[in-house]
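Just upload.cif here, mmCIF, C-alpha atoms:
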```cif
data_work
#
loop_
_atom_site.label_atom_id
_atom_site.label_comp_id
_atom_site.auth_asym_id
_atom_site.auth_seq_id
_atom_site.Cartn_x
_atom_site.Cartn_y
_atom_site.Cartn_z
CA MET A 1 -160.39 119.80 128.57
CA TYR A 2 -164.15 119.80 128.08
CA TYR A 3 -166.63 120.33 130.88
CA SER A 4 -170.36 119.73 130.98
CA LYS A 5 -172.80 122.63 131.16
CA ASP A 6 -173.78 121.50 134.66
CA TYR A 7 -170.16 121.57 135.82
CA LEU A 8 -169.60 125.06 134.39
CA GLU A 9 -172.78 126.42 135.95
CA LYS A 10 -171.90 124.89 139.32
CA LYS A 11 -168.40 126.33 139.19
CA THR A 12 -169.24 129.80 137.84
CA GLY A 13 -172.87 130.28 138.72
CA PRO A 14 -175.73 130.59 136.24
CA HIS A 15 -174.48 133.92 134.88
CA GLY A 16 -170.75 133.30 135.20
CA ILE A 17 -169.60 132.18 131.78
CA GLY A 18 -171.68 134.37 129.51
CA ARG A 19 -170.89 132.29 126.44
CA PRO A 20 -174.22 132.76 124.68
CA ASN A 21 -173.95 136.53 124.92
CA TYR A 22 -170.31 136.55 123.89
CA LEU A 23 -170.97 134.32 120.88
CA LYS A 24 -173.94 136.50 119.93
CA SER A 25 -171.73 139.58 120.08
CA LEU A 26 -169.22 137.85 117.77
CA VAL A 27 -171.97 136.98 115.30
CA ASP A 28 -173.32 140.53 115.42
CA GLU A 29 -169.84 141.96 114.90
CA PHE A 30 -169.16 139.64 111.95
CA ARG A 31 -172.39 140.69 110.29
CA SER A 32 -171.76 144.40 110.82
CA CYS A 33 -168.08 144.74 109.86
CA HIS A 34 -168.28 144.05 106.11
CA ASP A 35 -165.76 146.74 105.20
CA GLN A 36 -163.18 145.80 107.85
CA LYS A 37 -161.22 142.87 106.47
CA ASP A 38 -159.01 142.24 109.50
CA SER A 39 -161.94 142.47 111.92
CA ARG A 40 -163.97 139.96 109.92
CA ARG A 41 -161.03 137.58 109.85
CA GLN A 42 -160.46 137.87 113.59
CA VAL A 43 -164.13 137.39 114.45
CA LEU A 44 -164.50 134.38 112.14
CA ALA A 45 -161.32 132.84 113.56
CA ASN A 46 -162.77 133.26 117.05
CA LEU A 47 -166.04 131.62 116.00
CA ALA A 48 -164.11 128.72 114.44
CA ASN A 49 -162.16 128.28 117.67
CA PHE A 50 -165.35 128.29 119.76
CA ALA A 51 -166.77 125.69 117.35
CA TYR A 52 -164.20 123.25 118.72
CA ASP A 53 -165.92 123.00 122.12
CA PRO A 54 -169.07 120.82 122.23
CA ILE A 55 -170.50 123.03 125.00
CA ASN A 56 -170.91 125.74 122.36
CA TYR A 57 -172.72 123.60 119.76
CA ASP A 58 -176.24 124.47 120.90
CA TYR A 59 -175.43 128.18 121.09
CA MET A 60 -173.90 128.07 117.62
CA ARG A 61 -176.94 126.32 116.17
CA ARG A 62 -179.27 128.92 117.73
CA LEU A 63 -177.11 131.76 116.38
CA ASN A 64 -177.03 130.20 112.88
CA VAL A 65 -173.21 130.09 112.88
CA ILE A 66 -173.23 127.02 110.63
CA GLN A 67 -174.92 129.07 107.92
CA ILE A 68 -172.36 131.86 108.40
CA PHE A 69 -169.55 129.35 107.85
CA ILE A 70 -171.25 127.84 104.79
CA ASP A 71 -171.98 131.26 103.25
CA THR A 72 -168.39 132.38 103.87
CA LEU A 73 -167.05 129.52 101.75
CA ASP A 74 -168.02 131.73 98.77
CA ALA A 75 -165.87 134.65 99.97
CA GLU A 76 -163.03 136.01 97.90
CA ASP A 77 -160.77 136.31 100.96
CA GLU A 78 -158.76 133.08 101.32
CA LYS A 79 -158.33 133.58 105.08
CA LEU A 80 -162.08 133.86 105.59
CA ILE A 81 -162.55 130.63 103.64
CA GLU A 82 -159.86 128.95 105.74
CA PHE A 83 -161.53 129.96 109.02
CA ALA A 84 -165.02 129.06 107.76
CA MET A 85 -163.83 125.62 106.67
CA ALA A 86 -162.10 125.11 110.04
CA GLY A 87 -165.31 126.05 111.83
CA LEU A 88 -167.37 123.60 109.80
CA CYS A 89 -164.79 120.90 110.43
CA ASN A 90 -164.94 121.55 114.17
CA LEU A 91 -168.74 121.38 114.18
CA SER A 92 -169.32 118.47 111.80
CA LEU A 93 -168.67 115.55 114.15
CA ASP A 94 -171.77 116.37 116.19
CA LYS A 95 -174.84 114.52 114.85
CA ASP A 96 -177.15 117.56 115.06
CA ASN A 97 -174.61 119.82 113.39
CA LYS A 98 -173.95 117.18 110.74
CA LEU A 99 -177.65 117.07 109.86
CA LEU A 100 -177.83 120.86 109.66
CA ILE A 101 -174.79 121.02 107.38
CA LEU A 102 -176.15 118.27 105.14
CA ASN A 103 -179.63 119.84 105.05
CA LYS A 104 -178.12 123.11 103.87
CA ASP A 105 -176.64 121.36 100.80
CA ALA A 106 -173.11 122.32 101.79
CA ILE A 107 -171.34 119.33 100.24
CA GLN A 108 -170.81 121.11 96.91
CA LYS A 109 -169.31 124.18 98.60
CA ILE A 110 -167.05 121.97 100.74
CA THR A 111 -165.87 119.93 97.74
CA THR A 112 -165.07 123.20 95.96
CA CYS A 113 -162.62 123.88 98.79
CA LEU A 114 -160.62 120.82 97.68
CA SER A 115 -159.18 122.98 94.90
CA ASN A 116 -158.14 125.77 97.29
CA SER A 117 -154.46 126.73 97.26
CA ASN A 118 -154.31 126.81 101.09
CA VAL A 119 -153.42 123.34 102.37
CA GLU A 120 -155.13 123.97 105.74
CA THR A 121 -158.40 124.70 103.94
CA VAL A 122 -158.02 121.52 101.88
CA LEU A 123 -157.21 119.37 104.93
CA ASN A 124 -160.24 120.73 106.78
CA ALA A 125 -162.42 120.13 103.71
CA ILE A 126 -161.30 116.50 103.46
CA SER A 127 -161.84 115.95 107.19
CA THR A 128 -165.26 117.59 107.07
CA LEU A 129 -166.32 115.43 104.14
CA MET A 130 -165.29 112.32 106.06
CA PHE A 131 -167.22 113.48 109.14
CA LEU A 132 -170.32 114.13 106.99
CA VAL A 133 -170.52 110.67 105.44
CA THR A 134 -173.88 109.04 106.11
CA ALA A 135 -175.78 106.42 104.17
CA GLU A 136 -177.62 109.25 102.40
CA SER A 137 -174.64 111.54 101.74
CA LYS A 138 -172.00 108.96 100.82
CA ALA A 139 -172.72 108.95 97.08
CA ALA A 140 -172.27 112.72 96.80
CA ILE A 141 -169.18 112.77 99.01
CA THR A 142 -167.50 109.89 97.18
CA SER A 143 -168.44 111.02 93.68
CA PRO A 144 -166.00 110.14 90.89
CA ALA A 145 -164.73 113.73 90.79
CA VAL A 146 -163.94 113.70 94.53
CA VAL A 147 -162.32 110.26 94.31
CA GLN A 148 -160.12 111.49 91.46
CA VAL A 149 -159.04 114.50 93.49
CA MET A 150 -158.21 112.26 96.46
CA MET A 151 -156.17 109.97 94.23
CA LYS A 152 -154.24 112.99 93.03
CA PHE A 153 -153.74 114.15 96.63
CA GLN A 154 -152.25 110.74 97.47
CA GLN A 155 -149.34 111.73 95.22
CA SER A 156 -148.67 114.95 97.13
CA SER A 157 -145.30 115.50 98.75
CA ASN A 158 -147.22 116.98 101.70
CA LYS A 159 -147.52 113.96 103.99
CA ARG A 160 -150.56 115.28 105.86
CA LEU A 161 -152.44 115.72 102.59
CA SER A 162 -151.25 112.41 101.17
CA ASN A 163 -152.10 110.48 104.34
CA LEU A 164 -155.52 112.06 104.78
CA ALA A 165 -156.43 111.37 101.14
CA THR A 166 -155.35 107.76 101.64
CA VAL A 167 -157.58 107.43 104.72
CA PHE A 168 -160.49 108.95 102.77
CA LEU A 169 -160.03 106.49 99.91
CA GLU A 170 -159.50 103.45 102.11
CA ASP A 171 -162.30 104.14 104.59
CA TYR A 172 -165.02 105.64 102.40
CA CYS A 173 -164.52 104.54 98.81
CA THR A 174 -165.16 101.19 97.22
CA ASP A 175 -162.54 99.44 95.12
CA VAL A 176 -164.89 99.71 92.14
CA ALA A 177 -165.08 103.52 92.47
CA LYS A 178 -161.29 103.77 92.77
CA SER A 179 -160.63 101.52 89.78
CA VAL A 180 -163.02 103.50 87.58
CA CYS A 181 -161.28 106.73 88.58
CA GLU A 182 -157.71 105.42 88.25
CA LYS A 183 -157.94 105.64 84.48
CA ASP A 184 -158.74 109.32 84.48
CA VAL A 185 -157.14 111.14 87.43
CA LEU A 186 -157.89 114.83 87.05
CA SER A 187 -155.09 117.31 86.69
CA VAL A 188 -155.53 119.05 90.01
CA ASP A 189 -153.00 121.54 91.26
CA LEU A 190 -151.81 120.35 94.64
CA PRO A 191 -151.78 122.88 97.47
CA THR A 192 -148.38 123.55 98.98
#
```
In structure tokens, how does this file's structure come out?
Amino acid sequence: MYYSKDYLEKKTGPHGIGRPNYLKSLVDEFRSCHDQKDSRRQVLANLANFAYDPINYDYMRRLNVIQIFIDTLDAEDEKLIEFAMAGLCNLSLDKDNKLLILNKDAIQKITTCLSNSNVETVLNAISTLMFLVTAESKAAITSPAVVQVMMKFQQSSNKRLSNLATVFLEDYCTDVAKSVCEKDVLSVDLPT
């Protein structure tokens, strides 16, 4: 259940929740523990979980967490990529966060995650792309290459992947784009 900032302050007092300081400590820890793989994973997973709560959006913007998630999409560690993609997915429905993500040219990095072998990463990438569709971003998000990948995903035996790809194609792609791409569906390895 989500509560407003006013409700939380009334219930806990102005210094009771300490979220900004806690989130700052997570960001600081993530930036300082480069050589500790498990610690980085745990911290990024925590940040992704906090990204789910709209009360944290402003704190996360001030702490530049969106950029941390975007930068982490280039990591070699599949778990870090999974958590970063989950965090972006959690943040991308908010209009201010959406604009920040789009202004940081993250679409290419997110579409790269469509070829990830981890199905959770792929599902979060598809969802994030759908959340990021605007009049300005639609052409990049529904490019022929992305449409081809979605058409391939429709054939997946994984129902979540197949269904989400179908929603993407039906809600965001024109029939013209789909018919052009039907002739040349890319050979994409489907995540399991």
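Distance check against Asn46 (chain A) using all atoms listed in the file: of A:Val149, A:Ala84, A:Cys113, A:Leu129, the minimum falls on A:Ala84.
Of the listed residues A:Cys173, A:Val65, A:Leu26, A:Leu80, the one whose atoms come nearest to Lys138 (chain A) is A:Cys173, with distances taken using all atoms listed in the file.
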- Task: Could you jot down the CA of Met150 (chain A) to CA of Thr128 (chain A) separation for me, Å, one decimal place?
- Result: 13.8 Å
- Message: Since I can't run it myself right now, could you work out what the PyMOL selection byres ((chain A and resi 101) around 9) selects here and report it as a list in words?
- Response: Ile66, Gln67, Ile70, Leu88, Ser92, Asp96, Asn97, Lys98, Leu99, Leu100, Leu102, Asn103, Lys104, Asp105, Ala106, Ile107 and Leu132 of chain A
Dump as a tab-separated table (two decimals), in the coordinates of the input, selection limited to C-alpha atoms:
```
chain	number	residue	atom	x	y	z
A	66	ILE	CA	-173.23	127.02	110.63
A	67	GLN	CA	-174.92	129.07	107.92
A	70	ILE	CA	-171.25	127.84	104.79
A	88	LEU	CA	-167.37	123.60	109.80
A	92	SER	CA	-169.32	118.47	111.80
A	96	ASP	CA	-177.15	117.56	115.06
A	97	ASN	CA	-174.61	119.82	113.39
A	98	LYS	CA	-173.95	117.18	110.74
A	99	LEU	CA	-177.65	117.07	109.86
A	100	LEU	CA	-177.83	120.86	109.66
A	102	LEU	CA	-176.15	118.27	105.14
A	103	ASN	CA	-179.63	119.84	105.05
A	104	LYS	CA	-178.12	123.11	103.87
A	105	ASP	CA	-176.64	121.36	100.80
A	106	ALA	CA	-173.11	122.32	101.79
A	107	ILE	CA	-171.34	119.33	100.24
A	132	LEU	CA	-170.32	114.13	106.99
```
- Can you list, as an NGL selection string, every protein, DNA or RNA residue that comes within 10 Å of Leu44 (chain A) when you count only C-alpha atoms, leaving out same-chain residues fewer than 3 positions away? :A and (26-27 or 29-30 or 38-41 or 47-50 or 65 or 68-69 or 72 or 79-84 or 86-87)
- Query: For Lys95 (chain A), which residue among A:Asn116, A:Asn124, A:Ser157, A:Thr134 is the nearest when counting all atoms listed in the file?
  - Reply: A:Thr134
- Distance CA of Asn64 (chain A)-CA of Val119 (chain A), one decimal place? 26.7 Å
- Task: Point out the residue among A:Met130, A:Ala75, A:Val146, A:Cys33 with the least atom-to-atom distance to Phe168 (chain A), counting all atoms listed in the file.
- Result: A:Met130
- Item | Interatomic distance (Å, one decimal) between CA of Ala165 (chain A) and CA of Glu76 (chain A) | 25.7 Å
- Message: Please enumerate the residues selected by the PyMOL selection byres ((chain A and resi 158) around 12) when evaluated against the supplied file, formatted as a PyMOL selection string.
- Response: chain A and resi 119-120+122-123+152-157+159-165+190-192
- Task: Check the smallest atom-to-atom distance from each of A:Ala140, A:Val43, A:Met60, A:Val133 to Asp171 (chain A) using only C-alpha atoms, then report the winner.
- Result: A:Val133
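Take the candidates A:Glu170, A:Asp77, A:Ser143, A:Arg62 and check each one against His34 (chain A) using only C-alpha atoms; the shortest distance goes to A:Asp77.
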First collect every listed atom of region 127-135 of chain A; then fit an axis-aligned box around them, widen it by 5 Å on each side, and give centre and edge lengths in Å to one decimal, as JSON.
```
{"center_x": -168.8, "center_y": 112.0, "center_z": 106.6, "size_x": 23.9, "size_y": 21.2, "size_z": 15.0}
```
